[in-house]
Amino acid sequence: MKIKLFGMLKTMIPGGKDLEVDFSEGEQVKDLVHTIQREYPQVGELLEKKKVLVSVNQEIAHWDTVLDTADEVALLPPFAGGSGEL
Amino acid sequence: MKIKLFGMLKTMIPGGKDLEVDFSEGEQVKDLVHTIQREYPQVGELLEKKKVLVSVNQEIAHWDTVLDTADEVALLPPFAGGSGEL
Amino acid sequence: MRSHYCLPLREDQANYELRRKGNPMAVELEESMLVRVQLENFSIDEELHRVRSRSRRIGGIAMFLGTARDRSKGRDVSSMSFDHYEGMAQKKLKEIREQALRDFAIIEALVLHRYGPIEIGENIVLIIVGAEHRADAFKACQWCIDELKKITPIWKMETTPEGEVWVEEHP
Amino acid sequence: MRSHYCLPLREDQANYELRRKGNPMAVELEESMLVRVQLENFSIDEELHRVRSRSRRIGGIAMFLGTARDRSKGRDVSSMSFDHYEGMAQKKLKEIREQALRDFAIIEALVLHRYGPIEIGENIVLIIVGAEHRADAFKACQWCIDELKKITPIWKMETTPEGEVWVEEHP
């Protein structure tokens, strides 16, 4: 399964591309997170600290959301839209 | 002494021009108001209801402000600047 | 909260329904222009025109324009660049516009954010809210920019004397 | 309230002092353009440029644009016209700008009002406030338009089906 990366996460992965992660039908978001933590420890650390959210089909996902092969999954670091004027 | 008129006051005076009012050196704003009330009753009525303010040299005047022949005096109906969107 | 504004808006609603029946595609195109994430700079006069042309009942328009500052958290910033999640970012801005139209007594709202490289002093984000009354326009405009910062998947990288830094903002 | 903003603004202040020494007339002309009562319509992009070009420290700009509505107190309005006290109106707008700069943590403010005949949908009044932080910009912008309505000698006449009516507004 392909996992989209954005912002600082791109710079943490050699090549700055999407992640490619093994995935079995019926797995939940938390299973996917465990796989990522094993295969990409730096990304895993941010996931651990809850600084990175997981989105499924462009909505923030819960830990127990069940995934489908057709799902669009992404890792979202803390948002920083706007002009930064507080 | 010439008294500037604005807004609805212009339409209350034939010709819509400034008022011309007799004035003695040392009179106060309230004396001038009494003269106006005598000579221009409709304007006087609005002054009575405190709906019209008197300005002297472009600042809102008090009842006992003493006037000078060189002063710029105006009658100001209720302001309505802005777009009226409340 | 909005229900008592239905009456004065009825005429506009009727016009809108007519336009929708006449050319549904045109109306959708018009609405899609009110929520955008784009590379290009924008003109405030042009964006304002989109909002005000939707109703002659608009009397007060509140706007927020965010621009690129030369300082950030005590660091000099020479330029910046925004990354965004194409699709999800647009979806969230659309949700913001629709919730603002539901929750505030306003007539129209526009939400626009740029991505890609942006120089100091340039436009980054624009919110325009048109209402009958200015207090509602101000409230909705402030809510939109607060909400945008919370829920929109957009990320900022600043170029500083120490190099390129991804910003973590908690507004 | 503003004192703790002196530090980050020091550089701009220095630039400003340089410009003032180099060409004091130019600075005064620039400032006089930030407070106007005029017959002509205005471009928001042009007015924005005046504000944002005063400092690269500006990150949030709040604006209010008042436009001519087609309804007023239950009456249809086909057009309107503004009378103003030349001299005193400008003086009051200048006081509003200066008090806003003193009382709020903002960097620059522009206050502009039209007079003469104005068609439905046209611009009437514009407030632009630039600040480091958006909450201050919004607060100051709202204060400026509230204060303008209270103290500025400007009067509005509306053309309605019953004829021309001078408006008494208590906002």
# chains A, B, ... in the order shown; residues from 1 in each chain; ligands from 1
call {"tool": "calpha_fit_and_write", "arguments": {"fixed": "chain B", "moving": "chain A", "output": "JSON list (two decimals) with N, CA, C and O atoms, in the first residue's frame"}}
result
[["chain", "number", "residue", "atom", "x", "y", "z"],
["A", 1, "MET", "N", -22.66, 86.63, 11.54],
["A", 1, "MET", "CA", -21.81, 85.42, 11.51],
["A", 1, "MET", "C", -22.44, 84.35, 10.61],
["A", 1, "MET", "O", -23.66, 84.16, 10.63],
["A", 2, "LYS", "N", -21.58, 83.67, 9.83],
["A", 2, "LYS", "CA", -22.05, 82.63, 8.92],
["A", 2, "LYS", "C", -22.04, 81.29, 9.65],
["A", 2, "LYS", "O", -21.08, 80.97, 10.35],
["A", 3, "ILE", "N", -23.13, 80.53, 9.50],
["A", 3, "ILE", "CA", -23.21, 79.21, 10.13],
["A", 3, "ILE", "C", -23.34, 78.16, 9.03],
["A", 3, "ILE", "O", -24.29, 78.19, 8.24],
["A", 4, "LYS", "N", -22.39, 77.22, 8.99],
["A", 4, "LYS", "CA", -22.44, 76.16, 7.96],
["A", 4, "LYS", "C", -23.54, 75.16, 8.28],
["A", 4, "LYS", "O", -23.74, 74.79, 9.44],
["A", 5, "LEU", "N", -24.22, 74.70, 7.22],
["A", 5, "LEU", "CA", -25.27, 73.68, 7.37],
["A", 5, "LEU", "C", -24.90, 72.43, 6.59],
["A", 5, "LEU", "O", -24.27, 72.51, 5.54],
["A", 6, "PHE", "N", -25.32, 71.27, 7.10],
["A", 6, "PHE", "CA", -25.04, 70.01, 6.41],
["A", 6, "PHE", "C", -26.26, 69.10, 6.40],
["A", 6, "PHE", "O", -27.16, 69.25, 7.23],
["A", 7, "GLY", "N", -26.24, 68.13, 5.49],
["A", 7, "GLY", "CA", -27.26, 67.08, 5.44],
["A", 7, "GLY", "C", -28.67, 67.65, 5.39],
["A", 7, "GLY", "O", -28.96, 68.58, 4.63],
["A", 8, "MET", "N", -29.56, 67.09, 6.22],
["A", 8, "MET", "CA", -30.98, 67.46, 6.18],
["A", 8, "MET", "C", -31.20, 68.95, 6.47],
["A", 8, "MET", "O", -32.21, 69.50, 6.04],
["A", 9, "LEU", "N", -30.30, 69.60, 7.20],
["A", 9, "LEU", "CA", -30.48, 71.02, 7.53],
["A", 9, "LEU", "C", -30.49, 71.88, 6.28],
["A", 9, "LEU", "O", -31.23, 72.87, 6.20],
["A", 10, "LYS", "N", -29.68, 71.50, 5.29],
["A", 10, "LYS", "CA", -29.65, 72.26, 4.03],
["A", 10, "LYS", "C", -31.03, 72.30, 3.38],
["A", 10, "LYS", "O", -31.42, 73.32, 2.81],
["A", 11, "THR", "N", -31.74, 71.15, 3.46],
["A", 11, "THR", "CA", -33.03, 71.07, 2.78],
["A", 11, "THR", "C", -34.13, 71.81, 3.56],
["A", 11, "THR", "O", -35.22, 72.02, 3.05],
["A", 12, "MET", "N", -33.85, 72.21, 4.81],
["A", 12, "MET", "CA", -34.84, 72.90, 5.62],
["A", 12, "MET", "C", -34.82, 74.40, 5.43],
["A", 12, "MET", "O", -35.72, 75.11, 5.88],
["A", 13, "ILE", "N", -33.76, 74.89, 4.80],
["A", 13, "ILE", "CA", -33.58, 76.33, 4.65],
["A", 13, "ILE", "C", -33.80, 76.68, 3.18],
["A", 13, "ILE", "O", -33.20, 76.03, 2.32],
["A", 14, "PRO", "N", -34.64, 77.67, 2.89],
["A", 14, "PRO", "CA", -34.84, 78.05, 1.48],
["A", 14, "PRO", "C", -33.50, 78.40, 0.85],
["A", 14, "PRO", "O", -32.72, 79.16, 1.42],
["A", 15, "GLY", "N", -33.21, 77.76, -0.29],
["A", 15, "GLY", "CA", -31.93, 78.01, -0.95],
["A", 15, "GLY", "C", -30.86, 77.03, -0.53],
["A", 15, "GLY", "O", -29.88, 76.82, -1.24],
["A", 16, "GLY", "N", -31.05, 76.40, 0.65],
["A", 16, "GLY", "CA", -30.09, 75.39, 1.10],
["A", 16, "GLY", "C", -28.70, 75.92, 1.36],
["A", 16, "GLY", "O", -27.72, 75.19, 1.29],
["A", 17, "LYS", "N", -28.60, 77.22, 1.64],
["A", 17, "LYS", "CA", -27.28, 77.82, 1.88],
["A", 17, "LYS", "C", -26.97, 77.90, 3.37],
["A", 17, "LYS", "O", -27.78, 77.54, 4.21],
["A", 18, "ASP", "N", -25.81, 78.46, 3.68],
["A", 18, "ASP", "CA", -25.43, 78.72, 5.07],
["A", 18, "ASP", "C", -26.40, 79.72, 5.70],
["A", 18, "ASP", "O", -27.01, 80.53, 5.01],
["A", 19, "LEU", "N", -26.51, 79.68, 7.04],
["A", 19, "LEU", "CA", -27.30, 80.69, 7.75],
["A", 19, "LEU", "C", -26.45, 81.94, 7.95],
["A", 19, "LEU", "O", -25.24, 81.88, 8.09],
["A", 20, "GLU", "N", -27.13, 83.09, 7.99],
["A", 20, "GLU", "CA", -26.45, 84.34, 8.32],
["A", 20, "GLU", "C", -27.13, 84.85, 9.60],
["A", 20, "GLU", "O", -28.34, 85.09, 9.60],
["A", 21, "VAL", "N", -26.37, 84.94, 10.70],
["A", 21, "VAL", "CA", -26.98, 85.23, 12.00],
["A", 21, "VAL", "C", -26.25, 86.41, 12.67],
["A", 21, "VAL", "O", -25.03, 86.49, 12.61],
["A", 22, "ASP", "N", -27.04, 87.31, 13.29],
["A", 22, "ASP", "CA", -26.44, 88.42, 14.04],
["A", 22, "ASP", "C", -25.69, 87.87, 15.23],
["A", 22, "ASP", "O", -26.15, 86.93, 15.89],
["A", 23, "PHE", "N", -24.59, 88.53, 15.56],
["A", 23, "PHE", "CA", -23.72, 87.98, 16.57],
["A", 23, "PHE", "C", -22.90, 89.11, 17.22],
["A", 23, "PHE", "O", -22.34, 89.95, 16.52],
["A", 24, "SER", "N", -22.87, 89.14, 18.55],
["A", 24, "SER", "CA", -22.05, 90.14, 19.24],
["A", 24, "SER", "C", -20.84, 89.45, 19.87],
["A", 24, "SER", "O", -20.98, 88.38, 20.48],
["A", 25, "GLU", "N", -19.71, 90.08, 19.71],
["A", 25, "GLU", "CA", -18.45, 89.58, 20.27],
["A", 25, "GLU", "C", -18.66, 89.16, 21.73],
["A", 25, "GLU", "O", -19.31, 89.86, 22.49],
["A", 26, "GLY", "N", -18.13, 87.98, 22.10],
["A", 26, "GLY", "CA", -18.22, 87.53, 23.49],
["A", 26, "GLY", "C", -19.43, 86.64, 23.78],
["A", 26, "GLY", "O", -19.56, 86.10, 24.87],
["A", 27, "GLU", "N", -20.33, 86.47, 22.80],
["A", 27, "GLU", "CA", -21.48, 85.59, 23.00],
["A", 27, "GLU", "C", -21.04, 84.15, 23.12],
["A", 27, "GLU", "O", -20.00, 83.75, 22.58],
["A", 28, "GLN", "N", -21.88, 83.36, 23.81],
["A", 28, "GLN", "CA", -21.59, 81.94, 23.93],
["A", 28, "GLN", "C", -22.43, 81.15, 22.92],
["A", 28, "GLN", "O", -23.36, 81.69, 22.32],
["A", 29, "VAL", "N", -22.09, 79.85, 22.78],
["A", 29, "VAL", "CA", -22.82, 79.00, 21.84],
["A", 29, "VAL", "C", -24.33, 79.05, 22.14],
["A", 29, "VAL", "O", -25.15, 79.13, 21.24],
["A", 30, "LYS", "N", -24.68, 79.02, 23.43],
["A", 30, "LYS", "CA", -26.12, 79.01, 23.76],
["A", 30, "LYS", "C", -26.84, 80.27, 23.29],
["A", 30, "LYS", "O", -28.01, 80.23, 22.90],
["A", 31, "ASP", "N", -26.12, 81.43, 23.30],
["A", 31, "ASP", "CA", -26.73, 82.67, 22.80],
["A", 31, "ASP", "C", -27.01, 82.56, 21.30],
["A", 31, "ASP", "O", -28.06, 82.97, 20.81],
["A", 32, "LEU", "N", -26.04, 82.02, 20.60],
["A", 32, "LEU", "CA", -26.17, 81.84, 19.16],
["A", 32, "LEU", "C", -27.35, 80.92, 18.86],
["A", 32, "LEU", "O", -28.15, 81.16, 17.95],
["A", 33, "VAL", "N", -27.46, 79.84, 19.64],
["A", 33, "VAL", "CA", -28.56, 78.89, 19.45],
["A", 33, "VAL", "C", -29.91, 79.58, 19.65],
["A", 33, "VAL", "O", -30.84, 79.37, 18.87],
["A", 34, "HIS", "N", -29.99, 80.46, 20.65],
["A", 34, "HIS", "CA", -31.25, 81.18, 20.88],
["A", 34, "HIS", "C", -31.60, 82.06, 19.69],
["A", 34, "HIS", "O", -32.76, 82.11, 19.27],
["A", 35, "THR", "N", -30.60, 82.73, 19.13],
["A", 35, "THR", "CA", -30.83, 83.56, 17.94],
["A", 35, "THR", "C", -31.36, 82.70, 16.78],
["A", 35, "THR", "O", -32.32, 83.07, 16.10],
["A", 36, "ILE", "N", -30.72, 81.55, 16.60],
["A", 36, "ILE", "CA", -31.14, 80.66, 15.49],
["A", 36, "ILE", "C", -32.58, 80.19, 15.72],
["A", 36, "ILE", "O", -33.41, 80.19, 14.80],
["A", 37, "GLN", "N", -32.88, 79.83, 16.98],
["A", 37, "GLN", "CA", -34.24, 79.34, 17.29],
["A", 37, "GLN", "C", -35.29, 80.40, 16.99],
["A", 37, "GLN", "O", -36.39, 80.09, 16.56],
["A", 38, "ARG", "N", -34.93, 81.66, 17.21],
["A", 38, "ARG", "CA", -35.87, 82.76, 16.95],
["A", 38, "ARG", "C", -36.03, 82.97, 15.45],
["A", 38, "ARG", "O", -37.15, 83.11, 14.95],
["A", 39, "GLU", "N", -34.92, 82.96, 14.73],
["A", 39, "GLU", "CA", -34.98, 83.32, 13.31],
["A", 39, "GLU", "C", -35.29, 82.16, 12.38],
["A", 39, "GLU", "O", -35.77, 82.36, 11.27],
["A", 40, "TYR", "N", -34.92, 80.92, 12.78],
["A", 40, "TYR", "CA", -35.17, 79.73, 11.94],
["A", 40, "TYR", "C", -35.84, 78.65, 12.79],
["A", 40, "TYR", "O", -35.17, 77.72, 13.26],
["A", 41, "PRO", "N", -37.15, 78.76, 13.04],
["A", 41, "PRO", "CA", -37.83, 77.88, 14.00],
["A", 41, "PRO", "C", -37.67, 76.38, 13.72],
["A", 41, "PRO", "O", -37.52, 75.60, 14.67],
["A", 42, "GLN", "N", -37.68, 75.95, 12.42],
["A", 42, "GLN", "CA", -37.56, 74.50, 12.16],
["A", 42, "GLN", "C", -36.21, 73.98, 12.62],
["A", 42, "GLN", "O", -36.08, 72.91, 13.21],
["A", 43, "VAL", "N", -35.15, 74.76, 12.31],
["A", 43, "VAL", "CA", -33.80, 74.37, 12.75],
["A", 43, "VAL", "C", -33.75, 74.40, 14.27],
["A", 43, "VAL", "O", -33.20, 73.50, 14.91],
["A", 44, "GLY", "N", -34.39, 75.43, 14.83],
["A", 44, "GLY", "CA", -34.41, 75.57, 16.29],
["A", 44, "GLY", "C", -35.01, 74.36, 16.98],
["A", 44, "GLY", "O", -34.54, 73.92, 18.03],
["A", 45, "GLU", "N", -36.04, 73.78, 16.36],
["A", 45, "GLU", "CA", -36.71, 72.63, 16.94],
["A", 45, "GLU", "C", -35.76, 71.44, 17.07],
["A", 45, "GLU", "O", -35.73, 70.75, 18.09],
["A", 46, "LEU", "N", -34.98, 71.23, 16.02],
["A", 46, "LEU", "CA", -34.00, 70.13, 16.05],
["A", 46, "LEU", "C", -32.91, 70.38, 17.10],
["A", 46, "LEU", "O", -32.46, 69.47, 17.78],
["A", 47, "LEU", "N", -32.52, 71.66, 17.22],
["A", 47, "LEU", "CA", -31.51, 72.02, 18.22],
["A", 47, "LEU", "C", -32.05, 71.75, 19.62],
["A", 47, "LEU", "O", -31.35, 71.26, 20.50],
["A", 48, "GLU", "N", -33.33, 72.06, 19.78],
["A", 48, "GLU", "CA", -34.02, 71.86, 21.06],
["A", 48, "GLU", "C", -33.97, 70.39, 21.47],
["A", 48, "GLU", "O", -33.69, 70.04, 22.61],
["A", 49, "LYS", "N", -34.25, 69.51, 20.49],
["A", 49, "LYS", "CA", -34.30, 68.07, 20.76],
["A", 49, "LYS", "C", -32.89, 67.48, 20.89],
["A", 49, "LYS", "O", -32.74, 66.26, 20.94],
["A", 50, "LYS", "N", -31.87, 68.32, 20.83],
["A", 50, "LYS", "CA", -30.47, 67.89, 20.95],
["A", 50, "LYS", "C", -30.06, 66.93, 19.83],
["A", 50, "LYS", "O", -29.14, 66.15, 19.98],
["A", 51, "LYS", "N", -30.82, 66.99, 18.72],
["A", 51, "LYS", "CA", -30.47, 66.12, 17.60],
["A", 51, "LYS", "C", -29.38, 66.75, 16.74],
["A", 51, "LYS", "O", -28.78, 66.09, 15.91],
["A", 52, "VAL", "N", -29.16, 68.03, 16.92],
["A", 52, "VAL", "CA", -28.15, 68.74, 16.13],
["A", 52, "VAL", "C", -27.06, 69.23, 17.06],
["A", 52, "VAL", "O", -27.34, 69.83, 18.10],
["A", 53, "LEU", "N", -25.82, 68.95, 16.69],
["A", 53, "LEU", "CA", -24.68, 69.43, 17.48],
["A", 53, "LEU", "C", -24.14, 70.71, 16.85],
["A", 53, "LEU", "O", -24.29, 70.94, 15.65],
["A", 54, "VAL", "N", -23.52, 71.54, 17.68],
["A", 54, "VAL", "CA", -22.85, 72.74, 17.18],
["A", 54, "VAL", "C", -21.35, 72.49, 17.22],
["A", 54, "VAL", "O", -20.82, 72.03, 18.24],
["A", 55, "SER", "N", -20.68, 72.76, 16.09],
["A", 55, "SER", "CA", -19.21, 72.65, 16.12],
["A", 55, "SER", "C", -18.60, 74.03, 15.98],
["A", 55, "SER", "O", -19.15, 74.90, 15.28],
["A", 56, "VAL", "N", -17.49, 74.25, 16.68],
["A", 56, "VAL", "CA", -16.74, 75.50, 16.57],
["A", 56, "VAL", "C", -15.31, 75.12, 16.19],
["A", 56, "VAL", "O", -14.68, 74.31, 16.87],
["A", 57, "ASN", "N", -14.86, 75.66, 15.09],
["A", 57, "ASN", "CA", -13.53, 75.33, 14.56],
["A", 57, "ASN", "C", -13.33, 73.82, 14.45],
["A", 57, "ASN", "O", -12.30, 73.28, 14.85],
["A", 58, "GLN", "N", -14.34, 73.16, 13.93],
["A", 58, "GLN", "CA", -14.31, 71.73, 13.61],
["A", 58, "GLN", "C", -14.19, 70.80, 14.82],
["A", 58, "GLN", "O", -13.75, 69.66, 14.68],
["A", 59, "GLU", "N", -14.57, 71.31, 15.99],
["A", 59, "GLU", "CA", -14.70, 70.43, 17.16],
["A", 59, "GLU", "C", -16.09, 70.65, 17.76],
["A", 59, "GLU", "O", -16.61, 71.77, 17.73],
["A", 60, "ILE", "N", -16.67, 69.58, 18.32],
["A", 60, "ILE", "CA", -17.98, 69.71, 18.95],
["A", 60, "ILE", "C", -17.87, 70.73, 20.10],
["A", 60, "ILE", "O", -16.97, 70.64, 20.93],
["A", 61, "ALA", "N", -18.78, 71.71, 20.12],
["A", 61, "ALA", "CA", -18.71, 72.79, 21.11],
["A", 61, "ALA", "C", -19.64, 72.51, 22.29],
["A", 61, "ALA", "O", -20.61, 71.76, 22.17],
["A", 62, "HIS", "N", -19.31, 73.14, 23.42],
["A", 62, "HIS", "CA", -20.19, 73.07, 24.58],
["A", 62, "HIS", "C", -21.14, 74.26, 24.58],
["A", 62, "HIS", "O", -20.93, 75.23, 23.84],
["A", 63, "TRP", "N", -22.16, 74.19, 25.40],
["A", 63, "TRP", "CA", -23.17, 75.24, 25.50],
["A", 63, "TRP", "C", -22.54, 76.59, 25.85],
["A", 63, "TRP", "O", -22.98, 77.63, 25.39],
["A", 64, "ASP", "N", -21.46, 76.57, 26.68],
["A", 64, "ASP", "CA", -20.88, 77.84, 27.16],
["A", 64, "ASP", "C", -19.56, 78.21, 26.48],
["A", 64, "ASP", "O", -18.83, 79.07, 26.96],
["A", 65, "THR", "N", -19.24, 77.56, 25.36],
["A", 65, "THR", "CA", -18.06, 77.95, 24.59],
["A", 65, "THR", "C", -18.25, 79.40, 24.12],
["A", 65, "THR", "O", -19.30, 79.74, 23.57],
["A", 66, "VAL", "N", -17.24, 80.24, 24.35],
["A", 66, "VAL", "CA", -17.32, 81.64, 23.93],
["A", 66, "VAL", "C", -16.86, 81.77, 22.48],
["A", 66, "VAL", "O", -15.85, 81.18, 22.09],
["A", 67, "LEU", "N", -17.65, 82.52, 21.70],
["A", 67, "LEU", "CA", -17.38, 82.60, 20.26],
["A", 67, "LEU", "C", -16.60, 83.85, 19.91],
["A", 67, "LEU", "O", -16.70, 84.89, 20.56],
["A", 68, "ASP", "N", -15.84, 83.73, 18.83],
["A", 68, "ASP", "CA", -15.05, 84.83, 18.28],
["A", 68, "ASP", "C", -15.51, 85.06, 16.84],
["A", 68, "ASP", "O", -15.99, 84.12, 16.20],
["A", 69, "THR", "N", -15.39, 86.29, 16.35],
["A", 69, "THR", "CA", -15.86, 86.57, 14.97],
["A", 69, "THR", "C", -15.16, 85.68, 13.94],
["A", 69, "THR", "O", -15.74, 85.37, 12.90],
["A", 70, "ALA", "N", -13.92, 85.26, 14.24],
["A", 70, "ALA", "CA", -13.17, 84.46, 13.27],
["A", 70, "ALA", "C", -13.51, 82.97, 13.33],
["A", 70, "ALA", "O", -13.04, 82.20, 12.50],
["A", 71, "ASP", "N", -14.33, 82.58, 14.30],
["A", 71, "ASP", "CA", -14.62, 81.14, 14.46],
["A", 71, "ASP", "C", -15.40, 80.59, 13.27],
["A", 71, "ASP", "O", -16.24, 81.28, 12.67],
["A", 72, "GLU", "N", -15.14, 79.30, 12.98],
["A", 72, "GLU", "CA", -15.91, 78.58, 11.96],
["A", 72, "GLU", "C", -16.98, 77.77, 12.70],
["A", 72, "GLU", "O", -16.64, 76.85, 13.45],
["A", 73, "VAL", "N", -18.23, 78.16, 12.52],
["A", 73, "VAL", "CA", -19.32, 77.51, 13.26],
["A", 73, "VAL", "C", -20.20, 76.70, 12.30],
["A", 73, "VAL", "O", -20.46, 77.14, 11.18],
["A", 74, "ALA", "N", -20.61, 75.53, 12.75],
["A", 74, "ALA", "CA", -21.46, 74.68, 11.91],
["A", 74, "ALA", "C", -22.50, 73.96, 12.74],
["A", 74, "ALA", "O", -22.30, 73.71, 13.93],
["A", 75, "LEU", "N", -23.64, 73.63, 12.10],
["A", 75, "LEU", "CA", -24.68, 72.82, 12.74],
["A", 75, "LEU", "C", -24.62, 71.42, 12.13],
["A", 75, "LEU", "O", -24.71, 71.27, 10.91],
["A", 76, "LEU", "N", -24.49, 70.40, 12.99],
["A", 76, "LEU", "CA", -24.27, 69.04, 12.50],
["A", 76, "LEU", "C", -25.44, 68.14, 12.88],
["A", 76, "LEU", "O", -25.61, 67.78, 14.04],
["A", 77, "PRO", "N", -26.25, 67.73, 11.89],
["A", 77, "PRO", "CA", -27.31, 66.74, 12.18],
["A", 77, "PRO", "C", -26.67, 65.38, 12.53],
["A", 77, "PRO", "O", -25.45, 65.25, 12.44],
["A", 78, "PRO", "N", -27.48, 64.39, 12.93],
["A", 78, "PRO", "CA", -26.90, 63.09, 13.31],
["A", 78, "PRO", "C", -26.06, 62.51, 12.17],
["A", 78, "PRO", "O", -26.50, 62.48, 11.02],
["A", 79, "PHE", "N", -24.87, 62.04, 12.50],
["A", 79, "PHE", "CA", -23.96, 61.50, 11.49],
["A", 79, "PHE", "C", -24.51, 60.19, 10.92],
["A", 79, "PHE", "O", -25.19, 59.44, 11.61],
["A", 80, "ALA", "N", -24.17, 59.93, 9.67],
["A", 80, "ALA", "CA", -24.57, 58.66, 9.06],
["A", 80, "ALA", "C", -23.51, 58.20, 8.06],
["A", 80, "ALA", "O", -23.81, 57.82, 6.94],
["A", 81, "GLY", "N", -22.26, 58.22, 8.51],
["A", 81, "GLY", "CA", -21.18, 57.70, 7.65],
["A", 81, "GLY", "C", -21.22, 56.19, 7.63],
["A", 81, "GLY", "O", -22.02, 55.57, 8.32],
["A", 82, "GLY", "N", -20.35, 55.59, 6.83],
["A", 82, "GLY", "CA", -20.33, 54.14, 6.68],
["A", 82, "GLY", "C", -21.39, 53.71, 5.70],
["A", 82, "GLY", "O", -22.03, 54.54, 5.07],
["A", 83, "SER", "N", -21.60, 52.41, 5.63],
["A", 83, "SER", "CA", -22.48, 51.91, 4.58],
["A", 83, "SER", "C", -23.88, 51.60, 5.09],
["A", 83, "SER", "O", -24.70, 51.10, 4.35],
["A", 84, "GLY", "N", -24.14, 51.87, 6.38],
["A", 84, "GLY", "CA", -25.48, 51.62, 6.89],
["A", 84, "GLY", "C", -25.77, 50.17, 7.13],
["A", 84, "GLY", "O", -26.92, 49.76, 7.13],
["A", 85, "GLU", "N", -24.73, 49.35, 7.32],
["A", 85, "GLU", "CA", -24.94, 47.91, 7.54],
["A", 85, "GLU", "C", -25.03, 47.59, 9.03],
["A", 85, "GLU", "O", -25.01, 46.43, 9.38],
["A", 86, "LEU", "N", -25.12, 48.61, 9.85],
["A", 86, "LEU", "CA", -25.17, 48.49, 11.32],
["A", 86, "LEU", "C", -23.81, 48.13, 11.91],
["A", 86, "LEU", "O", -23.12, 47.29, 11.37]]
call {"tool": "residues_around", "arguments": {"residues": "D:Leu39", "least_positions_apart": "3", "cutoff": "12 Å", "atoms": "only C-alpha atoms", "output": "ChimeraX atom specification"}}
result
/D:36,42,81-84,86,112-118,123-125
call {"tool": "write_last_selection", "arguments": {"atoms": "N, CA and C atoms", "output": "compact mmCIF listing (two decimals), in the first residue's frame"}}
result
# COMPACT_ATOMS: atom_id res chain seq x y z
N ARG D 36 -8.44 59.63 3.83
CA ARG D 36 -9.00 60.46 2.76
C ARG D 36 -10.53 60.44 2.75
N PHE D 42 -12.40 53.79 -5.42
CA PHE D 42 -11.01 53.41 -5.10
C PHE D 42 -10.82 51.94 -5.40
N SER D 81 -26.46 59.32 -1.68
CA SER D 81 -25.48 60.38 -1.83
C SER D 81 -24.99 60.79 -0.45
N PHE D 82 -23.69 61.06 -0.33
CA PHE D 82 -23.12 61.44 0.96
C PHE D 82 -22.68 62.90 0.94
N ASP D 83 -23.07 63.62 1.99
CA ASP D 83 -22.60 64.98 2.23
C ASP D 83 -21.52 64.87 3.31
N HIS D 84 -20.54 65.76 3.29
CA HIS D 84 -19.53 65.72 4.37
C HIS D 84 -19.07 67.13 4.69
N GLU D 86 -16.21 69.22 4.81
CA GLU D 86 -14.83 69.25 4.30
C GLU D 86 -13.91 69.85 5.37
N LEU D 112 -10.74 55.48 4.74
CA LEU D 112 -11.12 56.14 3.50
C LEU D 112 -12.64 56.15 3.39
N HIS D 113 -13.21 57.31 3.05
CA HIS D 113 -14.67 57.41 2.89
C HIS D 113 -14.98 58.22 1.64
N ARG D 114 -15.97 57.80 0.89
CA ARG D 114 -16.37 58.57 -0.31
C ARG D 114 -17.49 59.55 0.03
N TYR D 115 -17.63 60.58 -0.79
CA TYR D 115 -18.80 61.46 -0.71
C TYR D 115 -19.39 61.58 -2.11
N GLY D 116 -20.53 62.29 -2.18
CA GLY D 116 -21.19 62.46 -3.48
C GLY D 116 -22.08 61.28 -3.81
N PRO D 117 -22.61 61.22 -5.06
CA PRO D 117 -23.55 60.17 -5.44
C PRO D 117 -22.89 58.80 -5.54
N ILE D 118 -23.57 57.78 -5.04
CA ILE D 118 -23.03 56.40 -5.05
C ILE D 118 -24.14 55.44 -5.48
N ASN D 123 -18.55 50.92 -3.71
CA ASN D 123 -17.79 51.13 -2.47
C ASN D 123 -18.20 52.44 -1.80
N ILE D 124 -18.27 52.42 -0.46
CA ILE D 124 -18.52 53.64 0.31
C ILE D 124 -17.34 53.94 1.23
N VAL D 125 -16.95 52.94 2.01
CA VAL D 125 -15.97 53.18 3.07
C VAL D 125 -15.00 52.00 3.13
call {"tool": "interface_residues", "arguments": {"of": "chain D", "to": "chain A", "cutoff": "9 Å", "atoms": "only C-alpha atoms", "output": "PyMOL selection string"}}
result
chain D and resi 58-60+131-135
call {"tool": "residues_around", "arguments": {"residues": "D:Arg75", "least_positions_apart": "6", "cutoff": "12 Å", "atoms": "only C-alpha atoms", "output": "list in words"}}
result
Pro8 of chain C; Arg69, Glu158, Thr159, Thr160, Pro161, Glu162, Gly163, Glu164, Val165 and Val167 of chain D
call {"tool": "select_by_dssp", "arguments": {"residues": "stretch 94-142 of chain D", "states": "strand (DSSP E or B)", "output": "PyMOL selection string"}}
result
chain D and resi 108-114+116-119+123-131
call {"tool": "select_by_dssp", "arguments": {"residues": "stretch 13-160 of chain D", "states": "helix (DSSP H, G or I)", "output": "PyMOL selection string"}}
result
chain D and resi 13-22+24-32+44-52+88-103+134-151
call {"tool": "atom_distance", "arguments": {"atom1": "atom CA of D:Ala105", "atom2": "atom CA of D:Ala140"}}
result
8.4 Å
